[in-house]
Structure formats: C-alpha cells, structure tokens
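**Q** There's a structure below that I have some questions on.
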Amino acid sequence: MQEWYKTWFDSPYYHLLYRQRDDKEAEGFIRSLIDFIKPPPGSVMLDQACGRGRHVRILASLGFEVTGIDLSENSISYCKQFESDNLHFAVHDMRRIISVNSFDYVFNLFTSMGYFRHDHDQQLTVSSAAAALKKGGHYIVDFMNVHWVISRLISEMHKTIDGIEFYISRRVENGFIIKDIKFRAENHDHHYTEYVEAMTVEDFDRYFQHAGLKRLHIFGNYSLQPFDRNLSERLILIAQKT
Ligand SMILES: C[S@@+](CC[C@H](N)C(=O)[O-])C[C@H]1O[C@@H](n2cnc3c(N)ncnc32)[C@H](O)[C@@H]1O
C-alpha cells in the first residue's frame, strides 16, 4: 500500500472529482456546529486537514482565531490567498504535534483520517490533536459512518466531469474501504487508489481514551441529528481533553 494520500489529494483531479462537496455544504455544517458548541469569542481553532480551507474560512469569518494545516502543498498554496490577521495556513503532517496546549478546538472534518496502514498512525492523528488542545478543549471529528457506507457500497460506477470519464470501483478488504479511480486526461492514463480504514465508534473511543480525550457527543449528519448505526450517513464526534 503506497502513501496514496500524498499524491491523490495534491492532484487537481481530486478536486475535480469531488467538486460537489463544496463551500455550501461546509457552511451549513459549521453553522450547526457553532450553534451547538457555542465557542466563546476569541476561541483559538485548528483544522487538522483543511484541504482548500472551506471550513476554516467560515470559522475565521465568524471572528475566531483559526489555523488550517494540510499535507498537500498545492492546497495550502491555494489557501494562502485567504490568509488574514485571524486565519493562517501551514503545510504540516497531522500525525506530528504542531504545538502543545494551544487550541480551544481542533477539527478533523470530512473523513480526513484513517488513511494510514497502521493503527499507530491513526492514533498519532488523534494524539497530536489532544496534545494541541488546552485542557478542557474540544476535538471535533466528522467521519463517514462505515456501517452505512459498507451496506450501500456501489462496486462499479462511472461519471463524466468536464469531459473526463472517471471509472470508480469500490471494495472492502482487511478492514479498509478501497476505492479505485481510473481516468484518462491530458493524454495519460491515471490510476489512484483511496484506502480508508473502516473506523467505528468503538475504534474512535479507543483512540480517544489513549489520547486523554473523553467522548461527549455523537451525531449522525450535518444537521447534528442523532447517530443511528444503520441509517446515518456521517459519524460526528465531539470529545473533550480531560
Ligand atoms: C477528504 S480531504 C478533506 C479536506 C477538508 N477537510 C475538506 O473537507 O474539504 C482530506 C484531506 O486530508 C489531507 N491529508 C491527508 N493526509 C494528511 C496528513 N498526514 N496530514 C495532514 N493532512 C493530510 C489531504 O491532503 C486532504 O486535503
């Protein structure tokens, strides 16, 4: 298994394929979250894998002190245009501690973990978030509900976007949800494979406990409705540093 997440997320075709997951979806979710968690003015926030910054830009527009990090150099250089007094970006691997006892909230949104071959690295992602939080601070994770995804897995499909035909196949293997993406663009055949560990609530609870975090809340979609293992599309968790 290669370190697929370094190349695929850095490619323009990733952003093309997923372009429907846009700023509007992010805005609705962030507004629901802020209504629920009610961060005090001036709260300091970190997004562990901010991509092109769709969530952090909204948080900064609400006046919070926000930092977005991501492994993708192309995404961070895109984000730099939005930098301001209360919004900063850096290329950084979320498995490494960025700073200690510094943030009131750390976010990991839109299935931005589970990419690593070893459990140890998933744990490092959670533990580095816990290290970055102040005592009493909150970690907010938005992951897929793997039960929902696996029960509805479409094994083969294709779609055309901007004249490029993407052929996508999905399977579950050794506890990972694997998605093969093939297409031809700019006179080349491309093939990327996404590997995401099928992490359940129980897995997250184990990682949280090991990192000194306690789960407080669980939701099943972006409107923060209750989590149902069979029916919810998302698994949204809020944990606190004890
Ligand atoms: C599914 S995308 C979501 C991006 C963003 N949260 C959003 O909702 O638009 C996952 C992101 O995780 C980033 N990523 C992957 N591995 C990473 C790592 N080890 N450290 C930091 N970011 C990473 C990718 O570059 C990509 O931007």
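Following the order of the structure tokens, chains are lettered A, B, ..., residues in each are numbered from 1, and ligands are numbered from 1.
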Hey, which residues come within 10 Å of ligand 1 if we count only C-alpha atoms and all ligand atoms? Could you give them as a CSV table (one decimal) with all heavy atoms, in the first residue's frame?

**A**
chain,number,residue,atom,x,y,z
A,3,GLU,N,1.8,5.5,-0.1
A,3,GLU,CA,1.2,6.6,0.6
A,3,GLU,C,0.4,7.4,-0.4
A,3,GLU,O,0.8,8.5,-0.8
A,3,GLU,CB,2.4,7.4,1.2
A,3,GLU,CG,3.0,6.6,2.4
A,3,GLU,CD,4.2,7.4,3.0
A,3,GLU,OE1,4.8,8.2,2.3
A,3,GLU,OE2,4.4,7.2,4.2
A,4,TRP,N,-0.7,6.8,-0.7
A,4,TRP,CA,-1.6,7.4,-1.7
A,4,TRP,C,-2.1,8.8,-1.4
A,4,TRP,O,-2.3,9.6,-2.3
A,4,TRP,CB,-2.8,6.5,-1.9
A,4,TRP,CG,-3.6,6.4,-0.7
A,4,TRP,CD1,-3.5,5.5,0.4
A,4,TRP,CD2,-4.8,7.2,-0.3
A,4,TRP,NE1,-4.4,5.8,1.3
A,4,TRP,CE2,-5.2,6.8,0.9
A,4,TRP,CE3,-5.4,8.3,-1.0
A,4,TRP,CZ2,-6.3,7.4,1.6
A,4,TRP,CZ3,-6.5,8.9,-0.4
A,4,TRP,CH2,-6.9,8.5,0.9
A,5,TYR,N,-2.2,9.1,-0.1
A,5,TYR,CA,-2.8,10.4,0.3
A,5,TYR,C,-1.9,11.6,0.0
A,5,TYR,O,-2.4,12.7,-0.1
A,5,TYR,CB,-3.2,10.3,1.8
A,5,TYR,CG,-2.1,9.8,2.7
A,5,TYR,CD1,-1.1,10.7,3.2
A,5,TYR,CD2,-2.0,8.5,2.9
A,5,TYR,CE1,-0.1,10.2,4.0
A,5,TYR,CE2,-0.9,8.0,3.7
A,5,TYR,CZ,0.0,8.9,4.2
A,5,TYR,OH,1.1,8.4,5.0
A,6,LYS,N,-0.6,11.3,-0.2
A,6,LYS,CA,0.3,12.4,-0.5
A,6,LYS,C,0.1,12.9,-2.0
A,6,LYS,O,0.2,14.1,-2.2
A,6,LYS,CB,1.8,11.9,-0.4
A,6,LYS,CG,2.2,11.8,1.0
A,6,LYS,CD,3.7,11.5,1.2
A,6,LYS,CE,4.1,11.4,2.6
A,6,LYS,NZ,5.4,10.8,2.8
A,7,THR,N,-0.2,11.9,-2.9
A,7,THR,CA,-0.3,12.3,-4.3
A,7,THR,C,-1.7,12.7,-4.7
A,7,THR,O,-2.0,13.7,-5.4
A,7,THR,CB,0.2,11.2,-5.2
A,7,THR,OG1,-0.3,10.0,-4.7
A,7,THR,CG2,1.7,11.1,-5.2
A,8,TRP,N,-2.7,11.8,-4.3
A,8,TRP,CA,-4.1,12.0,-4.8
A,8,TRP,C,-4.7,13.3,-4.4
A,8,TRP,O,-5.2,14.1,-5.2
A,8,TRP,CB,-4.9,10.8,-4.4
A,8,TRP,CG,-6.4,10.8,-4.7
A,8,TRP,CD1,-7.4,10.5,-3.8
A,8,TRP,CD2,-7.0,11.1,-5.9
A,8,TRP,NE1,-8.6,10.6,-4.4
A,8,TRP,CE2,-8.4,11.0,-5.7
A,8,TRP,CE3,-6.6,11.6,-7.1
A,8,TRP,CZ2,-9.4,11.3,-6.7
A,8,TRP,CZ3,-7.6,11.8,-8.1
A,8,TRP,CH2,-8.9,11.7,-7.9
A,9,PHE,N,-4.6,13.6,-3.1
A,9,PHE,CA,-5.2,14.9,-2.6
A,9,PHE,C,-4.5,16.1,-3.1
A,9,PHE,O,-5.0,17.2,-3.0
A,9,PHE,CB,-5.2,14.9,-1.0
A,9,PHE,CG,-6.1,13.9,-0.4
A,9,PHE,CD1,-5.6,13.0,0.5
A,9,PHE,CD2,-7.4,13.9,-0.7
A,9,PHE,CE1,-6.5,12.0,1.1
A,9,PHE,CE2,-8.3,12.9,-0.1
A,9,PHE,CZ,-7.8,12.0,0.8
A,10,ASP,N,-3.2,15.9,-3.6
A,10,ASP,CA,-2.5,17.0,-4.1
A,10,ASP,C,-2.7,17.3,-5.6
A,10,ASP,O,-2.3,18.2,-6.2
A,10,ASP,CB,-1.0,16.8,-3.9
A,10,ASP,CG,-0.2,18.0,-3.7
A,10,ASP,OD1,-0.7,19.0,-3.2
A,10,ASP,OD2,1.0,18.1,-4.2
A,11,SER,N,-3.5,16.4,-6.2
A,11,SER,CA,-3.7,16.4,-7.6
A,11,SER,C,-5.0,17.2,-8.0
A,11,SER,O,-6.0,17.2,-7.2
A,11,SER,CB,-3.9,15.0,-8.2
A,11,SER,OG,-5.1,14.8,-8.8
A,14,TYR,N,-8.4,15.3,-8.1
A,14,TYR,CA,-9.1,15.0,-6.8
A,14,TYR,C,-10.2,16.1,-6.6
A,14,TYR,O,-11.4,15.9,-6.3
A,14,TYR,CB,-8.2,15.0,-5.6
A,14,TYR,CG,-8.9,15.1,-4.3
A,14,TYR,CD1,-9.7,14.1,-3.8
A,14,TYR,CD2,-8.9,16.4,-3.6
A,14,TYR,CE1,-10.4,14.2,-2.6
A,14,TYR,CE2,-9.6,16.5,-2.5
A,14,TYR,CZ,-10.4,15.5,-1.9
A,14,TYR,OH,-11.1,15.6,-0.8
A,15,HIS,N,-9.8,17.4,-6.8
A,15,HIS,CA,-10.7,18.5,-6.6
A,15,HIS,C,-11.8,18.5,-7.6
A,15,HIS,O,-12.9,18.9,-7.3
A,15,HIS,CB,-9.9,19.8,-6.6
A,15,HIS,CG,-9.0,19.9,-5.4
A,15,HIS,ND1,-9.4,20.2,-4.1
A,15,HIS,CD2,-7.6,19.7,-5.3
A,15,HIS,CE1,-8.4,20.1,-3.3
A,15,HIS,NE2,-7.3,19.8,-4.0
A,18,TYR,N,-14.4,15.6,-6.7
A,18,TYR,CA,-15.2,15.9,-5.5
A,18,TYR,C,-15.7,17.3,-5.4
A,18,TYR,O,-16.0,17.8,-4.4
A,18,TYR,CB,-14.4,15.6,-4.3
A,18,TYR,CG,-14.1,14.1,-4.1
A,18,TYR,CD1,-12.8,13.6,-4.4
A,18,TYR,CD2,-15.1,13.2,-3.6
A,18,TYR,CE1,-12.6,12.2,-4.2
A,18,TYR,CE2,-14.8,11.9,-3.4
A,18,TYR,CZ,-13.6,11.4,-3.7
A,18,TYR,OH,-13.3,10.0,-3.6
A,19,ARG,N,-15.9,17.9,-6.6
A,19,ARG,CA,-16.2,19.4,-6.5
A,19,ARG,C,-17.6,19.7,-6.0
A,19,ARG,O,-17.9,20.8,-5.6
A,19,ARG,CB,-15.9,20.1,-7.8
A,19,ARG,CG,-17.0,19.8,-8.9
A,19,ARG,CD,-16.7,20.6,-10.1
A,19,ARG,NE,-17.6,20.2,-11.2
A,19,ARG,CZ,-17.5,20.5,-12.4
A,19,ARG,NH1,-16.5,21.3,-12.8
A,19,ARG,NH2,-18.3,20.1,-13.3
A,21,ARG,N,-18.7,18.6,-3.3
A,21,ARG,CA,-18.6,18.8,-1.8
A,21,ARG,C,-18.0,20.2,-1.6
A,21,ARG,O,-16.8,20.4,-1.5
A,21,ARG,CB,-17.6,17.7,-1.2
A,21,ARG,CG,-18.3,16.4,-1.2
A,21,ARG,CD,-17.4,15.3,-1.5
A,21,ARG,NE,-18.2,14.1,-1.7
A,21,ARG,CZ,-17.7,12.9,-1.5
A,21,ARG,NH1,-16.5,12.7,-1.2
A,21,ARG,NH2,-18.5,11.8,-1.6
A,22,ASP,N,-18.9,21.1,-1.5
A,22,ASP,CA,-18.4,22.5,-1.7
A,22,ASP,C,-18.6,23.3,-0.5
A,22,ASP,O,-18.8,22.9,0.6
A,22,ASP,CB,-19.2,23.1,-2.9
A,22,ASP,CG,-20.7,23.0,-2.6
A,22,ASP,OD1,-21.1,22.6,-1.5
A,22,ASP,OD2,-21.5,23.2,-3.5
A,23,ASP,N,-18.4,24.6,-0.7
A,23,ASP,CA,-18.5,25.6,0.4
A,23,ASP,C,-19.9,25.7,1.1
A,23,ASP,O,-20.0,25.9,2.2
A,23,ASP,CB,-18.1,27.0,-0.1
A,23,ASP,CG,-16.7,27.1,-0.6
A,23,ASP,OD1,-16.0,26.1,-0.5
A,23,ASP,OD2,-16.3,28.1,-1.0
A,25,GLU,N,-22.1,23.2,1.5
A,25,GLU,CA,-22.2,22.1,2.5
A,25,GLU,C,-21.4,22.4,3.7
A,25,GLU,O,-21.9,22.2,4.9
A,25,GLU,CB,-21.6,20.8,1.8
A,25,GLU,CG,-21.6,19.6,2.7
A,25,GLU,CD,-20.7,18.5,2.2
A,25,GLU,OE1,-19.4,18.6,2.2
A,25,GLU,OE2,-21.3,17.5,1.7
A,26,ALA,N,-20.2,22.9,3.6
A,26,ALA,CA,-19.3,23.3,4.7
A,26,ALA,C,-20.0,24.3,5.6
A,26,ALA,O,-20.0,24.3,6.8
A,26,ALA,CB,-18.0,23.8,4.2
A,47,ASP,N,-7.7,23.3,12.2
A,47,ASP,CA,-8.3,22.3,11.4
A,47,ASP,C,-7.1,21.4,10.9
A,47,ASP,O,-6.2,21.9,10.2
A,47,ASP,CB,-9.0,22.9,10.2
A,47,ASP,CG,-9.7,21.9,9.3
A,47,ASP,OD1,-9.4,20.7,9.5
A,47,ASP,OD2,-10.5,22.3,8.5
A,48,GLN,N,-7.1,20.1,11.3
A,48,GLN,CA,-6.0,19.2,11.1
A,48,GLN,C,-5.7,18.8,9.6
A,48,GLN,O,-4.7,18.3,9.3
A,48,GLN,CB,-6.3,17.9,11.8
A,48,GLN,CG,-5.9,17.8,13.2
A,48,GLN,CD,-5.9,16.4,13.7
A,48,GLN,OE1,-6.9,15.7,13.5
A,48,GLN,NE2,-4.9,16.0,14.4
A,49,ALA,N,-6.7,18.9,8.8
A,49,ALA,CA,-6.6,18.6,7.4
A,49,ALA,C,-7.5,19.5,6.6
A,49,ALA,O,-8.6,19.0,6.2
A,49,ALA,CB,-6.9,17.1,7.2
A,50,CYS,N,-7.1,20.7,6.4
A,50,CYS,CA,-8.1,21.7,6.0
A,50,CYS,C,-8.4,21.7,4.5
A,50,CYS,O,-9.3,22.4,4.0
A,50,CYS,CB,-7.6,23.1,6.4
A,50,CYS,SG,-6.1,23.6,5.6
A,51,GLY,N,-7.6,21.0,3.7
A,51,GLY,CA,-7.8,20.9,2.2
A,51,GLY,C,-7.7,22.4,1.7
A,51,GLY,O,-6.7,23.1,2.0
A,52,ARG,N,-8.7,22.8,0.9
A,52,ARG,CA,-8.6,24.2,0.3
A,52,ARG,C,-9.3,25.2,1.3
A,52,ARG,O,-9.6,26.3,0.9
A,52,ARG,CB,-9.3,24.2,-1.0
A,52,ARG,CG,-8.4,23.5,-2.1
A,52,ARG,CD,-9.0,23.7,-3.5
A,52,ARG,NE,-8.1,23.3,-4.5
A,52,ARG,CZ,-8.4,23.3,-5.8
A,52,ARG,NH1,-9.6,23.7,-6.2
A,52,ARG,NH2,-7.5,23.0,-6.7
A,53,GLY,N,-9.5,24.8,2.5
A,53,GLY,CA,-9.9,25.7,3.6
A,53,GLY,C,-11.4,26.1,3.6
A,53,GLY,O,-11.7,27.1,4.2
A,54,ARG,N,-12.2,25.2,3.1
A,54,ARG,CA,-13.7,25.6,3.1
A,54,ARG,C,-14.3,25.8,4.5
A,54,ARG,O,-15.1,26.6,4.7
A,54,ARG,CB,-14.5,24.7,2.2
A,54,ARG,CG,-14.5,23.2,2.6
A,54,ARG,CD,-15.2,22.3,1.6
A,54,ARG,NE,-15.1,20.9,2.1
A,54,ARG,CZ,-16.2,20.1,2.1
A,54,ARG,NH1,-17.3,20.5,1.6
A,54,ARG,NH2,-16.1,18.9,2.6
A,55,HIS,N,-13.8,25.0,5.5
A,55,HIS,CA,-14.4,25.1,6.8
A,55,HIS,C,-13.7,26.3,7.6
A,55,HIS,O,-14.4,27.1,8.2
A,55,HIS,CB,-14.3,23.8,7.6
A,55,HIS,CG,-15.0,22.7,7.0
A,55,HIS,ND1,-14.4,21.7,6.2
A,55,HIS,CD2,-16.3,22.4,7.0
A,55,HIS,CE1,-15.3,20.8,5.8
A,55,HIS,NE2,-16.5,21.2,6.3
A,56,VAL,N,-12.4,26.4,7.5
A,56,VAL,CA,-11.6,27.4,8.3
A,56,VAL,C,-12.0,28.8,7.8
A,56,VAL,O,-12.0,29.7,8.6
A,56,VAL,CB,-10.1,27.2,8.2
A,56,VAL,CG1,-9.7,26.0,9.1
A,56,VAL,CG2,-9.6,27.0,6.8
A,68,GLY,N,-5.2,26.5,9.7
A,68,GLY,CA,-5.5,25.4,8.9
A,68,GLY,C,-4.2,24.7,8.5
A,68,GLY,O,-3.3,25.4,8.0
A,69,ILE,N,-4.1,23.4,8.7
A,69,ILE,CA,-2.9,22.7,8.2
A,69,ILE,C,-3.3,21.6,7.3
A,69,ILE,O,-4.5,21.1,7.3
A,69,ILE,CB,-2.1,22.1,9.4
A,69,ILE,CG1,-2.9,21.1,10.2
A,69,ILE,CG2,-1.5,23.2,10.2
A,69,ILE,CD1,-2.1,20.4,11.3
A,70,ASP,N,-2.4,21.2,6.4
A,70,ASP,CA,-2.7,20.1,5.5
A,70,ASP,C,-1.4,19.6,4.9
A,70,ASP,O,-0.4,20.4,4.8
A,70,ASP,CB,-3.6,20.6,4.3
A,70,ASP,CG,-4.3,19.4,3.6
A,70,ASP,OD1,-3.7,18.7,2.8
A,70,ASP,OD2,-5.5,19.2,3.9
A,71,LEU,N,-1.3,18.4,4.5
A,71,LEU,CA,-0.1,17.8,3.9
A,71,LEU,C,0.1,18.3,2.5
A,71,LEU,O,1.2,18.3,1.9
A,71,LEU,CB,-0.2,16.3,4.0
A,71,LEU,CG,1.0,15.4,3.8
A,71,LEU,CD1,2.0,15.7,4.9
A,71,LEU,CD2,0.6,14.0,3.8
A,72,SER,N,-1.0,18.7,1.8
A,72,SER,CA,-1.0,19.0,0.4
A,72,SER,C,-0.4,20.4,0.2
A,72,SER,O,-1.1,21.4,0.5
A,72,SER,CB,-2.4,18.9,-0.2
A,72,SER,OG,-2.5,19.6,-1.4
A,73,GLU,N,0.7,20.5,-0.5
A,73,GLU,CA,1.3,21.8,-0.7
A,73,GLU,C,0.5,22.6,-1.7
A,73,GLU,O,0.3,23.8,-1.5
A,73,GLU,CB,2.7,21.6,-1.3
A,73,GLU,CG,3.7,21.0,-0.3
A,73,GLU,CD,5.1,21.0,-0.7
A,73,GLU,OE1,5.5,21.5,-1.8
A,73,GLU,OE2,5.9,20.4,0.1
A,74,ASN,N,-0.1,21.9,-2.7
A,74,ASN,CA,-1.0,22.7,-3.6
A,74,ASN,C,-2.2,23.3,-2.9
A,74,ASN,O,-2.6,24.4,-3.2
A,74,ASN,CB,-1.4,21.8,-4.8
A,74,ASN,CG,-0.3,21.5,-5.8
A,74,ASN,OD1,0.6,22.4,-5.9
A,74,ASN,ND2,-0.3,20.4,-6.4
A,75,SER,N,-2.8,22.5,-2.0
A,75,SER,CA,-4.0,23.0,-1.3
A,75,SER,C,-3.6,24.2,-0.4
A,75,SER,O,-4.3,25.2,-0.4
A,75,SER,CB,-4.7,21.9,-0.5
A,75,SER,OG,-5.2,21.0,-1.3
A,76,ILE,N,-2.5,24.1,0.3
A,76,ILE,CA,-2.1,25.2,1.2
A,76,ILE,C,-1.7,26.4,0.4
A,76,ILE,O,-2.0,27.5,0.7
A,76,ILE,CB,-1.0,24.7,2.2
A,76,ILE,CG1,-1.5,23.7,3.2
A,76,ILE,CG2,-0.4,25.9,2.9
A,76,ILE,CD1,-2.7,24.2,4.1
A,90,ALA,N,-0.6,26.4,7.1
A,90,ALA,CA,0.8,25.8,7.0
A,90,ALA,C,0.7,24.4,6.4
A,90,ALA,O,-0.3,23.7,6.7
A,90,ALA,CB,1.4,25.7,8.4
A,91,VAL,N,1.7,24.0,5.7
A,91,VAL,CA,1.9,22.6,5.3
A,91,VAL,C,2.4,21.8,6.5
A,91,VAL,O,3.4,22.2,7.1
A,91,VAL,CB,2.9,22.4,4.1
A,91,VAL,CG1,3.1,21.0,3.8
A,91,VAL,CG2,2.4,23.2,2.9
A,92,HIS,N,1.6,20.8,6.9
A,92,HIS,CA,2.0,20.1,8.2
A,92,HIS,C,1.4,18.7,8.1
A,92,HIS,O,0.2,18.6,7.7
A,92,HIS,CB,1.6,20.9,9.4
A,92,HIS,CG,2.1,20.3,10.7
A,92,HIS,ND1,3.3,20.6,11.2
A,92,HIS,CD2,1.5,19.4,11.5
A,92,HIS,CE1,3.5,20.0,12.4
A,92,HIS,NE2,2.4,19.2,12.6
A,93,ASP,N,2.1,17.7,8.6
A,93,ASP,CA,1.5,16.4,8.7
A,93,ASP,C,0.8,16.3,10.1
A,93,ASP,O,1.4,16.5,11.1
A,93,ASP,CB,2.7,15.3,8.6
A,93,ASP,CG,2.1,13.9,8.5
A,93,ASP,OD1,1.1,13.6,9.2
A,93,ASP,OD2,2.7,13.1,7.8
A,94,MET,N,-0.5,15.9,10.0
A,94,MET,CA,-1.3,15.9,11.2
A,94,MET,C,-0.9,14.9,12.2
A,94,MET,O,-1.3,15.0,13.4
A,94,MET,CB,-2.8,15.8,10.9
A,94,MET,CG,-3.1,14.4,10.2
A,94,MET,SD,-4.9,14.4,9.6
A,94,MET,CE,-4.9,13.0,8.6
A,95,ARG,N,-0.1,14.0,11.8
A,95,ARG,CA,0.4,13.0,12.8
A,95,ARG,C,1.5,13.6,13.7
A,95,ARG,O,1.8,13.0,14.8
A,95,ARG,CB,1.0,11.8,12.1
A,95,ARG,CG,-0.1,10.9,11.4
A,95,ARG,CD,0.6,9.9,10.5
A,95,ARG,NE,1.2,10.5,9.3
A,95,ARG,CZ,1.7,9.9,8.3
A,95,ARG,NH1,1.8,8.6,8.3
A,95,ARG,NH2,2.2,10.5,7.3
A,96,ARG,N,2.0,14.8,13.3
A,96,ARG,CA,3.0,15.4,14.2
A,96,ARG,C,2.4,16.5,15.0
A,96,ARG,O,1.6,17.3,14.5
A,96,ARG,CB,4.2,15.9,13.3
A,96,ARG,CG,5.0,14.7,12.6
A,96,ARG,CD,6.1,15.2,11.7
A,96,ARG,NE,6.7,16.5,12.2
A,96,ARG,CZ,6.8,17.6,11.5
A,96,ARG,NH1,6.3,17.6,10.3
A,96,ARG,NH2,7.3,18.7,12.0
A,107,PHE,N,-10.4,20.5,14.8
A,107,PHE,CA,-11.3,19.9,13.9
A,107,PHE,C,-10.6,18.9,13.0
A,107,PHE,O,-9.5,19.1,12.6
A,107,PHE,CB,-12.0,20.9,13.0
A,107,PHE,CG,-12.8,21.9,13.8
A,107,PHE,CD1,-12.2,23.1,14.3
A,107,PHE,CD2,-14.2,21.8,14.0
A,107,PHE,CE1,-13.0,24.0,15.0
A,107,PHE,CE2,-14.9,22.7,14.7
A,107,PHE,CZ,-14.3,23.8,15.2
A,108,ASN,N,-11.3,17.8,12.7
A,108,ASN,CA,-10.9,16.9,11.7
A,108,ASN,C,-12.1,16.6,10.9
A,108,ASN,O,-13.0,15.8,11.4
A,108,ASN,CB,-10.2,15.6,12.2
A,108,ASN,CG,-9.6,14.8,11.1
A,108,ASN,OD1,-10.4,14.3,10.3
A,108,ASN,ND2,-8.3,14.6,11.1
A,109,LEU,N,-12.3,17.1,9.7
A,109,LEU,CA,-13.6,17.1,9.0
A,109,LEU,C,-13.6,16.4,7.7
A,109,LEU,O,-12.6,16.5,7.0
A,109,LEU,CB,-14.1,18.6,8.9
A,109,LEU,CG,-14.1,19.4,10.2
A,109,LEU,CD1,-14.5,20.8,9.9
A,109,LEU,CD2,-15.1,18.8,11.2
A,110,PHE,N,-14.7,15.8,7.4
A,110,PHE,CA,-14.9,15.2,6.1
A,110,PHE,C,-14.0,14.0,5.8
A,110,PHE,O,-13.2,14.0,4.8
A,110,PHE,CB,-14.8,16.3,5.0
A,110,PHE,CG,-15.5,15.8,3.7
A,110,PHE,CD1,-16.9,15.6,3.7
A,110,PHE,CD2,-14.8,15.7,2.6
A,110,PHE,CE1,-17.5,15.1,2.5
A,110,PHE,CE2,-15.4,15.2,1.4
A,110,PHE,CZ,-16.7,15.0,1.4
A,111,THR,N,-14.0,13.1,6.8
A,111,THR,CA,-13.3,11.8,6.6
A,111,THR,C,-11.8,12.1,6.3
A,111,THR,O,-11.2,11.7,5.3
A,111,THR,CB,-13.9,10.9,5.5
A,111,THR,OG1,-15.3,10.9,5.7
A,111,THR,CG2,-13.4,9.5,5.6
A,112,SER,N,-11.2,12.9,7.2
A,112,SER,CA,-9.8,13.3,6.9
A,112,SER,C,-8.8,12.5,7.8
A,112,SER,O,-7.7,13.0,8.2
A,112,SER,CB,-9.6,14.8,7.1
A,112,SER,OG,-10.3,15.5,6.1
A,113,MET,N,-9.1,11.3,8.2
A,113,MET,CA,-8.2,10.4,8.8
A,113,MET,C,-8.5,8.9,8.4
A,113,MET,O,-9.4,8.7,7.6
A,113,MET,CB,-8.2,10.6,10.3
A,113,MET,CG,-9.5,10.2,11.0
A,113,MET,SD,-9.3,10.1,12.8
A,113,MET,CE,-9.4,11.8,13.3
A,114,GLY,N,-7.7,8.0,9.0
A,114,GLY,CA,-7.9,6.6,8.6
A,114,GLY,C,-7.2,6.2,7.4
A,114,GLY,O,-7.4,5.1,6.8
A,115,TYR,N,-6.3,7.1,6.9
A,115,TYR,CA,-5.6,6.8,5.6
A,115,TYR,C,-4.4,6.0,5.8
A,115,TYR,O,-3.8,5.6,4.8
A,115,TYR,CB,-5.1,8.2,5.0
A,115,TYR,CG,-6.2,9.2,4.8
A,115,TYR,CD1,-5.8,10.6,4.9
A,115,TYR,CD2,-7.5,8.9,4.6
A,115,TYR,CE1,-6.8,11.5,4.6
A,115,TYR,CE2,-8.4,9.8,4.3
A,115,TYR,CZ,-8.1,11.2,4.4
A,115,TYR,OH,-9.0,12.1,4.2
A,116,PHE,N,-4.0,5.7,7.0
A,116,PHE,CA,-2.7,5.1,7.2
A,116,PHE,C,-2.8,3.6,7.4
A,116,PHE,O,-3.8,3.1,7.9
A,116,PHE,CB,-2.0,5.7,8.4
A,116,PHE,CG,-2.1,7.2,8.4
A,116,PHE,CD1,-2.9,7.9,9.3
A,116,PHE,CD2,-1.5,8.0,7.3
A,116,PHE,CE1,-3.0,9.3,9.3
A,116,PHE,CE2,-1.7,9.3,7.3
A,116,PHE,CZ,-2.4,10.0,8.2
A,121,ASP,N,-0.6,5.0,13.4
A,121,ASP,CA,-0.6,6.4,12.7
A,121,ASP,C,-2.0,7.0,12.9
A,121,ASP,O,-2.1,8.2,13.0
A,121,ASP,CB,-0.3,6.3,11.2
A,121,ASP,CG,1.2,6.0,11.0
A,121,ASP,OD1,1.5,4.8,11.1
A,121,ASP,OD2,1.9,6.9,10.8
A,122,GLN,N,-3.1,6.2,13.0
A,122,GLN,CA,-4.4,6.8,13.3
A,122,GLN,C,-4.3,7.3,14.7
A,122,GLN,O,-4.8,8.4,15.0
A,122,GLN,CB,-5.6,5.8,13.1
A,122,GLN,CG,-5.4,4.6,12.2
A,122,GLN,CD,-5.4,5.0,10.7
A,122,GLN,OE1,-5.2,6.2,10.4
A,122,GLN,NE2,-5.6,4.1,9.8
A,124,LEU,N,-1.7,8.4,16.2
A,124,LEU,CA,-0.9,9.7,16.2
A,124,LEU,C,-1.7,10.9,15.8
A,124,LEU,O,-1.6,12.0,16.4
A,124,LEU,CB,0.3,9.5,15.3
A,124,LEU,CG,1.5,8.7,15.8
A,124,LEU,CD1,2.6,8.6,14.7
A,124,LEU,CD2,2.0,9.2,17.1
A,125,THR,N,-2.7,10.7,14.9
A,125,THR,CA,-3.5,11.8,14.4
A,125,THR,C,-4.4,12.3,15.6
A,125,THR,O,-4.5,13.5,15.8
A,125,THR,CB,-4.5,11.3,13.3
A,125,THR,OG1,-3.7,10.7,12.2
A,125,THR,CG2,-5.3,12.4,12.7
A,142,ASP,N,-15.4,14.5,12.1
A,142,ASP,CA,-16.5,14.2,11.1
A,142,ASP,C,-16.0,13.1,10.2
A,142,ASP,O,-15.1,13.4,9.4
A,142,ASP,CB,-16.9,15.5,10.4
A,142,ASP,CG,-17.6,15.2,9.1
A,142,ASP,OD1,-18.4,14.2,9.0
A,142,ASP,OD2,-17.4,16.0,8.1
A,143,PHE,N,-16.5,11.9,10.4
A,143,PHE,CA,-16.0,10.7,9.7
A,143,PHE,C,-17.2,10.1,9.0
A,143,PHE,O,-18.4,10.4,9.3
A,143,PHE,CB,-15.4,9.7,10.7
A,143,PHE,CG,-14.5,8.7,10.0
A,143,PHE,CD1,-13.2,9.1,9.5
A,143,PHE,CD2,-14.8,7.4,10.0
A,143,PHE,CE1,-12.4,8.2,8.9
A,143,PHE,CE2,-14.0,6.4,9.4
A,143,PHE,CZ,-12.7,6.8,8.9

**Q** I need the strand (DSSP E or B) residues of region 132-164 of chain A per DSSP on the backbone, written as number ranges by chain.

**A** A: 133-144, 156-161, 164

**Q** What parts of region 52-92 of chain A does DSSP call alpha helix (DSSP H)? I'd like the answer as a list in words.

**A** Arg54, His55, Val56, Arg57, Ile58, Leu59, Ala60, Ser61, Glu73, Asn74, Ser75, Ile76, Ser77, Tyr78 and Cys79 of chain A

**Q** Leaving out His190 (chain A) and any residue of its chain fewer than 6 positions from it, which residues lie within 10 Å of it when counting only C-alpha atoms, given as a PyMOL selection string?

**A** chain A and resi 13+166+181-184

**Q** Within 7 Å of Ile218 (chain A), counting only C-alpha atoms, which residues show up once you throw out same-chain ones fewer than 6 positions away? Write them as a VMD selection string, please.

**A** chain A and resid 227 236 to 238
